[in-house]
$ cat my_file_27.pdb   # PDB, C-alpha atoms, pLDDT in the B column
ATOM      1  CA  MET A  15      35.278-174.153 -51.055  1.00 48.00           C
ATOM      2  CA  ASP A  16      35.685-172.004 -54.163  1.00 46.00           C
ATOM      3  CA  HIS A  17      38.838-169.882 -53.826  1.00 47.00           C
ATOM      4  CA  THR A  18      38.284-168.052 -57.101  1.00 45.00           C
ATOM      5  CA  ALA A  19      35.637-165.833 -55.522  1.00 45.00           C
ATOM      6  CA  HIS A  20      38.368-164.018 -53.596  1.00 44.00           C
ATOM      7  CA  GLU A  21      40.662-163.499 -56.559  1.00 42.00           C
ATOM      8  CA  PRO A  22      40.457-160.218 -58.452  1.00 42.00           C
ATOM      9  CA  GLU A  23      38.840-160.440 -61.840  1.00 41.00           C
ATOM     10  CA  LYS A  24      41.304-160.623 -64.669  1.00 45.00           C
ATOM     11  CA  GLN A  25      40.389-158.569 -67.650  1.00 50.00           C
ATOM     12  CA  SER A  26      41.389-159.969 -70.965  1.00 50.00           C
ATOM     13  CA  HIS A  27      41.921-157.525 -73.754  1.00 59.00           C
ATOM     14  CA  ALA A  28      42.509-158.338 -77.374  1.00 67.00           C
ATOM     15  CA  PRO A  29      45.785-157.100 -78.794  1.00 76.00           C
ATOM     16  CA  ALA A  30      45.415-153.678 -80.361  1.00 82.00           C
ATOM     17  CA  SER A  31      45.899-153.383 -84.081  1.00 88.00           C
ATOM     18  CA  TRP A  32      48.882-151.526 -85.439  1.00 92.00           C
ATOM     19  CA  GLY A  33      46.453-149.187 -87.226  1.00 90.00           C
ATOM     20  CA  THR A  34      44.827-148.212 -83.933  1.00 87.00           C
ATOM     21  CA  ALA A  35      48.237-147.668 -82.350  1.00 89.00           C
ATOM     22  CA  VAL A  36      49.394-145.546 -85.293  1.00 92.00           C
ATOM     23  CA  LYS A  37      46.253-143.372 -85.068  1.00 89.00           C
ATOM     24  CA  ALA A  38      46.716-142.898 -81.314  1.00 87.00           C
ATOM     25  CA  THR A  39      50.389-142.024 -81.805  1.00 91.00           C
ATOM     26  CA  LEU A  40      49.638-139.568 -84.614  1.00 92.00           C
ATOM     27  CA  HIS A  41      47.076-137.928 -82.333  1.00 88.00           C
ATOM     28  CA  CYS A  42      49.730-137.605 -79.625  1.00 89.00           C
ATOM     29  CA  LEU A  43      52.379-136.465 -82.102  1.00 94.00           C
ATOM     30  CA  THR A  44      50.127-133.698 -83.403  1.00 95.00           C
ATOM     31  CA  GLY A  45      49.624-132.167 -79.961  1.00 93.00           C
ATOM     32  CA  CYS A  46      53.276-132.654 -79.025  1.00 94.00           C
ATOM     33  CA  ALA A  47      54.532-131.101 -82.263  1.00 95.00           C
ATOM     34  CA  ILE A  48      52.283-128.043 -81.999  1.00 97.00           C
ATOM     35  CA  GLY A  49      53.225-127.449 -78.364  1.00 96.00           C
ATOM     36  CA  GLU A  50      56.904-128.130 -78.794  1.00 94.00           C
ATOM     37  CA  ILE A  51      57.343-125.986 -81.902  1.00 94.00           C
ATOM     38  CA  LEU A  52      55.351-123.164 -80.305  1.00 96.00           C
ATOM     39  CA  GLY A  53      57.508-123.407 -77.173  1.00 95.00           C
ATOM     40  CA  MET A  54      60.717-123.320 -79.228  1.00 90.00           C
ATOM     41  CA  VAL A  55      59.500-120.312 -81.191  1.00 90.00           C
ATOM     42  CA  ILE A  56      58.415-118.412 -78.062  1.00 95.00           C
ATOM     43  CA  GLY A  57      61.593-119.233 -76.126  1.00 92.00           C
ATOM     44  CA  THR A  58      63.805-118.281 -79.058  1.00 86.00           C
ATOM     45  CA  ALA A  59      61.875-115.076 -79.761  1.00 87.00           C
ATOM     46  CA  LEU A  60      62.231-114.053 -76.106  1.00 93.00           C
ATOM     47  CA  GLY A  61      65.952-114.814 -76.160  1.00 89.00           C
ATOM     48  CA  TRP A  62      65.689-117.512 -73.500  1.00 93.00           C
ATOM     49  CA  GLY A  63      68.408-120.092 -72.999  1.00 91.00           C
ATOM     50  CA  ASN A  64      68.123-123.752 -73.909  1.00 89.00           C
ATOM     51  CA  ALA A  65      66.834-125.052 -70.574  1.00 92.00           C
ATOM     52  CA  PRO A  66      63.887-122.662 -70.089  1.00 95.00           C
ATOM     53  CA  THR A  67      62.972-122.967 -73.773  1.00 92.00           C
ATOM     54  CA  MET A  68      62.902-126.767 -73.515  1.00 92.00           C
ATOM     55  CA  VAL A  69      60.838-126.631 -70.319  1.00 95.00           C
ATOM     56  CA  LEU A  70      58.325-124.350 -72.044  1.00 97.00           C
ATOM     57  CA  ALA A  71      58.261-126.546 -75.165  1.00 95.00           C
ATOM     58  CA  ILE A  72      57.709-129.727 -73.146  1.00 96.00           C
ATOM     59  CA  GLY A  73      55.042-128.070 -71.009  1.00 97.00           C
ATOM     60  CA  LEU A  74      53.196-126.863 -74.100  1.00 98.00           C
ATOM     61  CA  ALA A  75      53.542-130.300 -75.709  1.00 97.00           C
ATOM     62  CA  PHE A  76      51.742-131.844 -72.733  1.00 97.00           C
ATOM     63  CA  LEU A  77      49.162-129.033 -72.698  1.00 96.00           C
ATOM     64  CA  PHE A  78      48.309-129.394 -76.391  1.00 96.00           C
ATOM     65  CA  GLY A  79      48.443-133.195 -76.260  1.00 93.00           C
ATOM     66  CA  TYR A  80      46.010-133.302 -73.349  1.00 94.00           C
ATOM     67  CA  SER A  81      43.827-130.592 -74.891  1.00 93.00           C
ATOM     68  CA  PHE A  82      43.156-132.571 -78.068  1.00 89.00           C
ATOM     69  CA  THR A  83      41.849-135.509 -76.036  1.00 87.00           C
ATOM     70  CA  LEU A  84      40.060-133.289 -73.540  1.00 89.00           C
ATOM     71  CA  PHE A  85      38.060-131.493 -76.223  1.00 88.00           C
ATOM     72  CA  ALA A  86      37.186-134.790 -77.956  1.00 85.00           C
ATOM     73  CA  VAL A  87      35.762-136.383 -74.821  1.00 85.00           C
ATOM     74  CA  LEU A  88      33.979-133.179 -73.809  1.00 90.00           C
ATOM     75  CA  ARG A  89      32.274-133.213 -77.228  1.00 89.00           C
ATOM     76  CA  ALA A  90      31.290-136.833 -76.532  1.00 85.00           C
ATOM     77  CA  GLY A  91      29.341-135.600 -73.485  1.00 89.00           C
ATOM     78  CA  LEU A  92      31.686-136.218 -70.553  1.00 86.00           C
ATOM     79  CA  GLY A  93      31.784-133.665 -67.749  1.00 90.00           C
ATOM     80  CA  LEU A  94      34.942-131.590 -67.294  1.00 92.00           C
ATOM     81  CA  LYS A  95      36.299-133.491 -64.275  1.00 93.00           C
ATOM     82  CA  ALA A  96      35.787-136.884 -65.911  1.00 89.00           C
ATOM     83  CA  ALA A  97      37.183-135.583 -69.220  1.00 87.00           C
ATOM     84  CA  ILE A  98      40.362-134.394 -67.482  1.00 92.00           C
ATOM     85  CA  ARG A  99      40.792-137.826 -65.881  1.00 90.00           C
ATOM     86  CA  VAL A 100      40.341-139.512 -69.262  1.00 86.00           C
ATOM     87  CA  ALA A 101      42.852-137.182 -70.952  1.00 88.00           C
ATOM     88  CA  LEU A 102      45.437-137.786 -68.222  1.00 91.00           C
ATOM     89  CA  ALA A 103      44.922-141.553 -68.357  1.00 88.00           C
ATOM     90  CA  ALA A 104      44.944-141.654 -72.140  1.00 86.00           C
ATOM     91  CA  ASP A 105      47.920-139.464 -72.936  1.00 91.00           C
ATOM     92  CA  THR A 106      50.407-139.196 -70.083  1.00 94.00           C
ATOM     93  CA  VAL A 107      52.594-142.178 -70.961  1.00 93.00           C
ATOM     94  CA  SER A 108      52.394-141.543 -74.703  1.00 93.00           C
ATOM     95  CA  ILE A 109      53.333-137.871 -74.417  1.00 95.00           C
ATOM     96  CA  ALA A 110      56.068-138.612 -71.877  1.00 96.00           C
ATOM     97  CA  VAL A 111      57.697-141.229 -74.120  1.00 95.00           C
ATOM     98  CA  MET A 112      57.379-138.988 -77.150  1.00 95.00           C
ATOM     99  CA  GLU A 113      58.896-135.989 -75.375  1.00 95.00           C
ATOM    100  CA  LEU A 114      61.685-138.001 -73.785  1.00 96.00           C
ATOM    101  CA  VAL A 115      62.773-139.481 -77.117  1.00 95.00           C
ATOM    102  CA  ASP A 116      62.330-136.308 -79.139  1.00 94.00           C
ATOM    103  CA  ASN A 117      64.190-134.081 -76.695  1.00 92.00           C
ATOM    104  CA  ALA A 118      66.957-136.639 -76.196  1.00 94.00           C
ATOM    105  CA  ILE A 119      67.557-136.676 -79.946  1.00 94.00           C
ATOM    106  CA  ILE A 120      67.625-132.887 -80.112  1.00 91.00           C
ATOM    107  CA  ALA A 121      69.993-132.726 -77.111  1.00 90.00           C
ATOM    108  CA  LEU A 122      72.288-135.405 -78.575  1.00 94.00           C
ATOM    109  CA  THR A 123      72.418-133.958 -82.098  1.00 95.00           C
ATOM    110  CA  PRO A 124      75.652-131.926 -82.267  1.00 96.00           C
ATOM    111  CA  GLY A 125      74.874-128.220 -82.624  1.00 94.00           C
ATOM    112  CA  ALA A 126      71.072-128.627 -82.562  1.00 91.00           C
ATOM    113  CA  MET A 127      70.652-126.965 -79.172  1.00 87.00           C
ATOM    114  CA  ASP A 128      72.438-123.867 -80.420  1.00 87.00           C
ATOM    115  CA  ALA A 129      70.820-123.800 -83.860  1.00 88.00           C
ATOM    116  CA  HIS A 130      68.375-121.008 -84.648  1.00 86.00           C
ATOM    117  CA  LEU A 131      64.870-121.394 -86.036  1.00 87.00           C
ATOM    118  CA  SER A 132      66.139-120.258 -89.435  1.00 91.00           C
ATOM    119  CA  GLU A 133      68.703-123.076 -89.646  1.00 93.00           C
ATOM    120  CA  GLY A 134      68.124-126.436 -91.279  1.00 95.00           C
ATOM    121  CA  LEU A 135      69.917-128.221 -88.431  1.00 95.00           C
ATOM    122  CA  PHE A 136      67.273-127.054 -85.963  1.00 91.00           C
ATOM    123  CA  TRP A 137      64.413-128.388 -88.095  1.00 93.00           C
ATOM    124  CA  ALA A 138      66.233-131.581 -89.065  1.00 95.00           C
ATOM    125  CA  ALA A 139      66.898-132.439 -85.421  1.00 94.00           C
ATOM    126  CA  LEU A 140      63.356-131.533 -84.366  1.00 93.00           C
ATOM    127  CA  LEU A 141      61.608-133.391 -87.191  1.00 95.00           C
ATOM    128  CA  GLY A 142      64.021-136.311 -86.966  1.00 96.00           C
ATOM    129  CA  GLY A 143      63.319-136.467 -83.249  1.00 95.00           C
ATOM    130  CA  PHE A 144      59.580-136.546 -83.915  1.00 96.00           C
ATOM    131  CA  ALA A 145      60.032-139.353 -86.457  1.00 96.00           C
ATOM    132  CA  VAL A 146      62.082-141.511 -84.075  1.00 96.00           C
ATOM    133  CA  ALA A 147      59.714-140.700 -81.194  1.00 96.00           C
ATOM    134  CA  PHE A 148      56.784-141.817 -83.363  1.00 96.00           C
ATOM    135  CA  LEU A 149      58.512-145.135 -84.134  1.00 96.00           C
ATOM    136  CA  ILE A 150      59.225-145.782 -80.455  1.00 96.00           C
ATOM    137  CA  THR A 151      55.893-144.544 -79.091  1.00 94.00           C
ATOM    138  CA  THR A 152      53.691-146.528 -81.508  1.00 95.00           C
ATOM    139  CA  PRO A 153      54.511-149.951 -79.994  1.00 95.00           C
ATOM    140  CA  VAL A 154      54.130-148.466 -76.505  1.00 93.00           C
ATOM    141  CA  ASN A 155      50.640-147.241 -77.432  1.00 89.00           C
ATOM    142  CA  ARG A 156      49.781-150.607 -79.010  1.00 91.00           C
ATOM    143  CA  TRP A 157      50.813-152.387 -75.823  1.00 90.00           C
ATOM    144  CA  MET A 158      48.817-149.976 -73.634  1.00 85.00           C
ATOM    145  CA  ILE A 159      45.685-150.057 -75.791  1.00 86.00           C
ATOM    146  CA  GLY A 160      45.822-153.864 -75.825  1.00 85.00           C
ATOM    147  CA  ARG A 161      45.640-153.761 -72.033  1.00 83.00           C
ATOM    148  CA  GLY A 162      42.718-151.346 -71.918  1.00 80.00           C
ATOM    149  CA  ARG A 163      44.886-148.338 -71.127  1.00 77.00           C
ATOM    150  CA  GLY A 164      46.073-145.268 -73.021  1.00 70.00           C
ATOM    151  CA  HIS A 165      43.822-144.365 -75.907  1.00 63.00           C
ATOM    152  CA  ALA A 166      41.586-147.359 -75.168  1.00 56.00           C
ATOM    153  CA  VAL A 167      40.217-145.175 -72.360  1.00 60.00           C
ATOM    154  CA  VAL A 168      39.282-142.505 -74.896  1.00 63.00           C
ATOM    155  CA  HIS A 169      37.636-144.986 -77.269  1.00 57.00           C
ATOM    156  CA  ALA A 170      35.342-146.140 -74.460  1.00 59.00           C
ATOM    157  CA  HIS A 171      33.783-142.640 -74.615  1.00 56.00           C
ATOM    158  CA  HIS A 172      33.244-142.363 -78.374  1.00 52.00           C
TER     159      HIS A 172
END
$ encode --input "my_file_27.pdb" --output "structure tokens"
Amino acid sequence: MDHTAHEPEKQSHAPASWGTAVKATLHCLTGCAIGEILGMVIGTALGWGNAPTMVLAIGLAFLFGYSFTLFAVLRAGLGLKAAIRVALAADTVSIAVMELVDNAIIALTPGAMDAHLSEGLFWAALLGGFAVAFLITTPVNRWMIGRGRGHAVVHAHH
């Protein structure tokens, strides 16, 4: 009796190239940066404290990150419901890792949380956080794409 018929099919995926992972991470970084900077500017302009400003910035980072993918797959002809599923599958882990690293660096940089938008420390911590987040998120994206997840889901619709 053949027992393999009852075993789930194993999908084999080729390892993703570093170039593909870098492109996926830059795509994620672009949405995260726009959302996070916009959130910081809005929170600061409204005189909000650190916690609500960070919540807004992180929320906008996810919104913009998902939106970039959503609009790309909608242009490729996917319906809205399917496009939302693709965006969530493609970007959730990448954005979460990026935001976790970036915000941890900002929070751990002495004085950065109290720095104003006009201060170099604010921008150095923010941009430094993005740089480190990019370096950490790129291998995560490479691993996910190599397993048919993350931005591999998006590329199936191009």
$ closest_residue --input "my_file_27.pdb" --among "A:Val115, A:Ala101, A:Val87, A:Met54" --to "Asp128 of chain A" --atoms "all atoms listed in the file"
A:Met54
$ closest_residue --input "my_file_27.pdb" --among "A:Ile48, A:Leu141, A:Leu92, A:Ala103" --to "Ile120 of chain A" --atoms "only C-alpha atoms"
A:Leu141
$ closest_residue --input "my_file_27.pdb" --among "A:Thr67, A:Thr58, A:Ser31, A:Asn155" --to "Met112 of chain A" --atoms "all atoms listed in the file"
A:Asn155
$ atom_distance --input "my_file_27.pdb" --atom1 "atom CA of Gly164 of chain A" --atom2 "atom CA of Ser108 of chain A"
7.5 Å
$ atom_distance --input "my_file_27.pdb" --atom1 "atom CA of Tyr80 of chain A" --atom2 "atom CA of His41 of chain A"
10.2 Å
$ resolve_selection --input "my_file_27.pdb" --expression "the PyMOL selection byres ((chain A and resi 151) around 10)" --output "list of chain:residue names"
A:Ala35, A:Val36, A:Ala38, A:Thr39, A:Leu40, A:Cys42, A:Leu43, A:Val107, A:Ser108, A:Ile109, A:Ala110, A:Val111, A:Met112, A:Glu113, A:Val115, A:Ala145, A:Val146, A:Ala147, A:Phe148, A:Leu149, A:Ile150, A:Thr152, A:Pro153, A:Val154, A:Asn155, A:Arg156, A:Trp157
$ resolve_selection --input "my_file_27.pdb" --expression "the PyMOL selection byres ((chain A and resi 117) around 9)" --output "list in words"
Met68, Ile72, Met112, Glu113, Leu114, Val115, Asp116, Ala118, Ile119, Ile120, Ala121, Leu122, Leu140, Gly143 and Phe144 of chain A
$ closest_residue --input "my_file_27.pdb" --among "A:Ala59, A:Ala47, A:Val100, A:Ala65" --to "Gly79 of chain A" --atoms "all atoms listed in the file"
A:Ala47
$ closest_residue --input "my_file_27.pdb" --among "A:Ser81, A:Thr106, A:Thr44, A:Thr123" --to "Met158 of chain A" --atoms "only C-alpha atoms"
A:Thr106
$ atom_distance --input "my_file_27.pdb" --atom1 "atom CA of Ala86 of chain A" --atom2 "atom CA of Ala71 of chain A"
22.8 Å
$ axis_aligned_box --input "my_file_27.pdb" --around "segment 91-100 of chain A" --padding-each-side "3 Å" --output "JSON"
{"center_x": 35.1, "center_y": -135.6, "center_z": -68.9, "size_x": 17.5, "size_y": 13.9, "size_z": 15.2}
$ resolve_selection --input "my_file_27.pdb" --expression "the PyMOL selection byres ((chain A and resi 56) around 12)" --output "PyMOL selection string"
chain A and resi 49-55+57-64+66-71+74+131
$ write_last_selection --input "my_file_27.pdb" --atoms "C-alpha atoms" --output "short mmCIF file (atom, residue, chain, number, x, y, z; two decimals), in the frame of the given file"
data_model
loop_
_atom_site.label_atom_id
_atom_site.label_comp_id
_atom_site.auth_asym_id
_atom_site.auth_seq_id
_atom_site.Cartn_x
_atom_site.Cartn_y
_atom_site.Cartn_z
CA GLY A 49 53.22 -127.45 -78.36
CA GLU A 50 56.90 -128.13 -78.79
CA ILE A 51 57.34 -125.99 -81.90
CA LEU A 52 55.35 -123.16 -80.31
CA GLY A 53 57.51 -123.41 -77.17
CA MET A 54 60.72 -123.32 -79.23
CA VAL A 55 59.50 -120.31 -81.19
CA GLY A 57 61.59 -119.23 -76.13
CA THR A 58 63.80 -118.28 -79.06
CA ALA A 59 61.88 -115.08 -79.76
CA LEU A 60 62.23 -114.05 -76.11
CA GLY A 61 65.95 -114.81 -76.16
CA TRP A 62 65.69 -117.51 -73.50
CA GLY A 63 68.41 -120.09 -73.00
CA ASN A 64 68.12 -123.75 -73.91
CA PRO A 66 63.89 -122.66 -70.09
CA THR A 67 62.97 -122.97 -73.77
CA MET A 68 62.90 -126.77 -73.52
CA VAL A 69 60.84 -126.63 -70.32
CA LEU A 70 58.32 -124.35 -72.04
CA ALA A 71 58.26 -126.55 -75.17
CA LEU A 74 53.20 -126.86 -74.10
CA LEU A 131 64.87 -121.39 -86.04
#
$ residues_around --input "my_file_27.pdb" --residues "Gly125 of chain A" --least-positions-apart "6" --cutoff "12 Å" --atoms "all atoms listed in the file" --output "number ranges by chain"
A: 64, 119, 133-139
$ build_atoms --input "my_file_27.pdb" --residues "segment 83-102 of chain A" --atoms "N, CA and C atoms" --output "PDB file, in the coordinates of the input"
ATOM      1  N   THR A  83      42.682-134.449 -76.607  1.00 87.00           N
ATOM      2  CA  THR A  83      41.849-135.509 -76.036  1.00 87.00           C
ATOM      3  C   THR A  83      40.729-134.913 -75.201  1.00 87.00           C
ATOM      4  N   LEU A  84      41.044-133.922 -74.408  1.00 89.00           N
ATOM      5  CA  LEU A  84      40.060-133.289 -73.540  1.00 89.00           C
ATOM      6  C   LEU A  84      38.871-132.768 -74.351  1.00 89.00           C
ATOM      7  N   PHE A  85      39.150-132.047 -75.414  1.00 88.00           N
ATOM      8  CA  PHE A  85      38.060-131.493 -76.223  1.00 88.00           C
ATOM      9  C   PHE A  85      37.243-132.599 -76.902  1.00 88.00           C
ATOM     10  N   ALA A  86      37.900-133.680 -77.311  1.00 85.00           N
ATOM     11  CA  ALA A  86      37.186-134.790 -77.956  1.00 85.00           C
ATOM     12  C   ALA A  86      36.213-135.463 -76.985  1.00 85.00           C
ATOM     13  N   VAL A  87      36.658-135.713 -75.763  1.00 85.00           N
ATOM     14  CA  VAL A  87      35.762-136.383 -74.821  1.00 85.00           C
ATOM     15  C   VAL A  87      34.714-135.431 -74.254  1.00 85.00           C
ATOM     16  N   LEU A  88      35.013-134.147 -74.195  1.00 90.00           N
ATOM     17  CA  LEU A  88      33.979-133.179 -73.809  1.00 90.00           C
ATOM     18  C   LEU A  88      32.878-133.145 -74.871  1.00 90.00           C
ATOM     19  N   ARG A  89      33.264-133.175 -76.143  1.00 89.00           N
ATOM     20  CA  ARG A  89      32.274-133.213 -77.228  1.00 89.00           C
ATOM     21  C   ARG A  89      31.435-134.480 -77.172  1.00 89.00           C
ATOM     22  N   ALA A  90      32.012-135.563 -76.648  1.00 85.00           N
ATOM     23  CA  ALA A  90      31.290-136.833 -76.532  1.00 85.00           C
ATOM     24  C   ALA A  90      30.312-136.823 -75.358  1.00 85.00           C
ATOM     25  N   GLY A  91      30.319-135.744 -74.549  1.00 89.00           N
ATOM     26  CA  GLY A  91      29.341-135.600 -73.485  1.00 89.00           C
ATOM     27  C   GLY A  91      29.857-135.817 -72.074  1.00 89.00           C
ATOM     28  N   LEU A  92      31.134-136.048 -71.899  1.00 86.00           N
ATOM     29  CA  LEU A  92      31.686-136.218 -70.553  1.00 86.00           C
ATOM     30  C   LEU A  92      31.770-134.876 -69.847  1.00 86.00           C
ATOM     31  N   GLY A  93      31.609-134.874 -68.543  1.00 90.00           N
ATOM     32  CA  GLY A  93      31.784-133.665 -67.749  1.00 90.00           C
ATOM     33  C   GLY A  93      33.264-133.307 -67.688  1.00 90.00           C
ATOM     34  N   LEU A  94      33.562-132.077 -67.289  1.00 92.00           N
ATOM     35  CA  LEU A  94      34.942-131.590 -67.294  1.00 92.00           C
ATOM     36  C   LEU A  94      35.863-132.429 -66.418  1.00 92.00           C
ATOM     37  N   LYS A  95      35.451-132.724 -65.192  1.00 93.00           N
ATOM     38  CA  LYS A  95      36.299-133.491 -64.275  1.00 93.00           C
ATOM     39  C   LYS A  95      36.607-134.883 -64.835  1.00 93.00           C
ATOM     40  N   ALA A  96      35.591-135.549 -65.326  1.00 89.00           N
ATOM     41  CA  ALA A  96      35.787-136.884 -65.911  1.00 89.00           C
ATOM     42  C   ALA A  96      36.632-136.799 -67.184  1.00 89.00           C
ATOM     43  N   ALA A  97      36.418-135.754 -67.982  1.00 87.00           N
ATOM     44  CA  ALA A  97      37.183-135.583 -69.220  1.00 87.00           C
ATOM     45  C   ALA A  97      38.662-135.365 -68.923  1.00 87.00           C
ATOM     46  N   ILE A  98      38.962-134.611 -67.875  1.00 92.00           N
ATOM     47  CA  ILE A  98      40.362-134.394 -67.482  1.00 92.00           C
ATOM     48  C   ILE A  98      40.994-135.718 -67.069  1.00 92.00           C
ATOM     49  N   ARG A  99      40.265-136.516 -66.291  1.00 90.00           N
ATOM     50  CA  ARG A  99      40.792-137.826 -65.881  1.00 90.00           C
ATOM     51  C   ARG A  99      41.065-138.710 -67.094  1.00 90.00           C
ATOM     52  N   VAL A 100      40.162-138.706 -68.053  1.00 86.00           N
ATOM     53  CA  VAL A 100      40.341-139.512 -69.262  1.00 86.00           C
ATOM     54  C   VAL A 100      41.565-139.038 -70.039  1.00 86.00           C
ATOM     55  N   ALA A 101      41.703-137.727 -70.214  1.00 88.00           N
ATOM     56  CA  ALA A 101      42.852-137.182 -70.952  1.00 88.00           C
ATOM     57  C   ALA A 101      44.167-137.551 -70.270  1.00 88.00           C
ATOM     58  N   LEU A 102      44.216-137.430 -68.950  1.00 91.00           N
ATOM     59  CA  LEU A 102      45.437-137.786 -68.222  1.00 91.00           C
ATOM     60  C   LEU A 102      45.742-139.273 -68.365  1.00 91.00           C
TER      61      LEU A 102
END
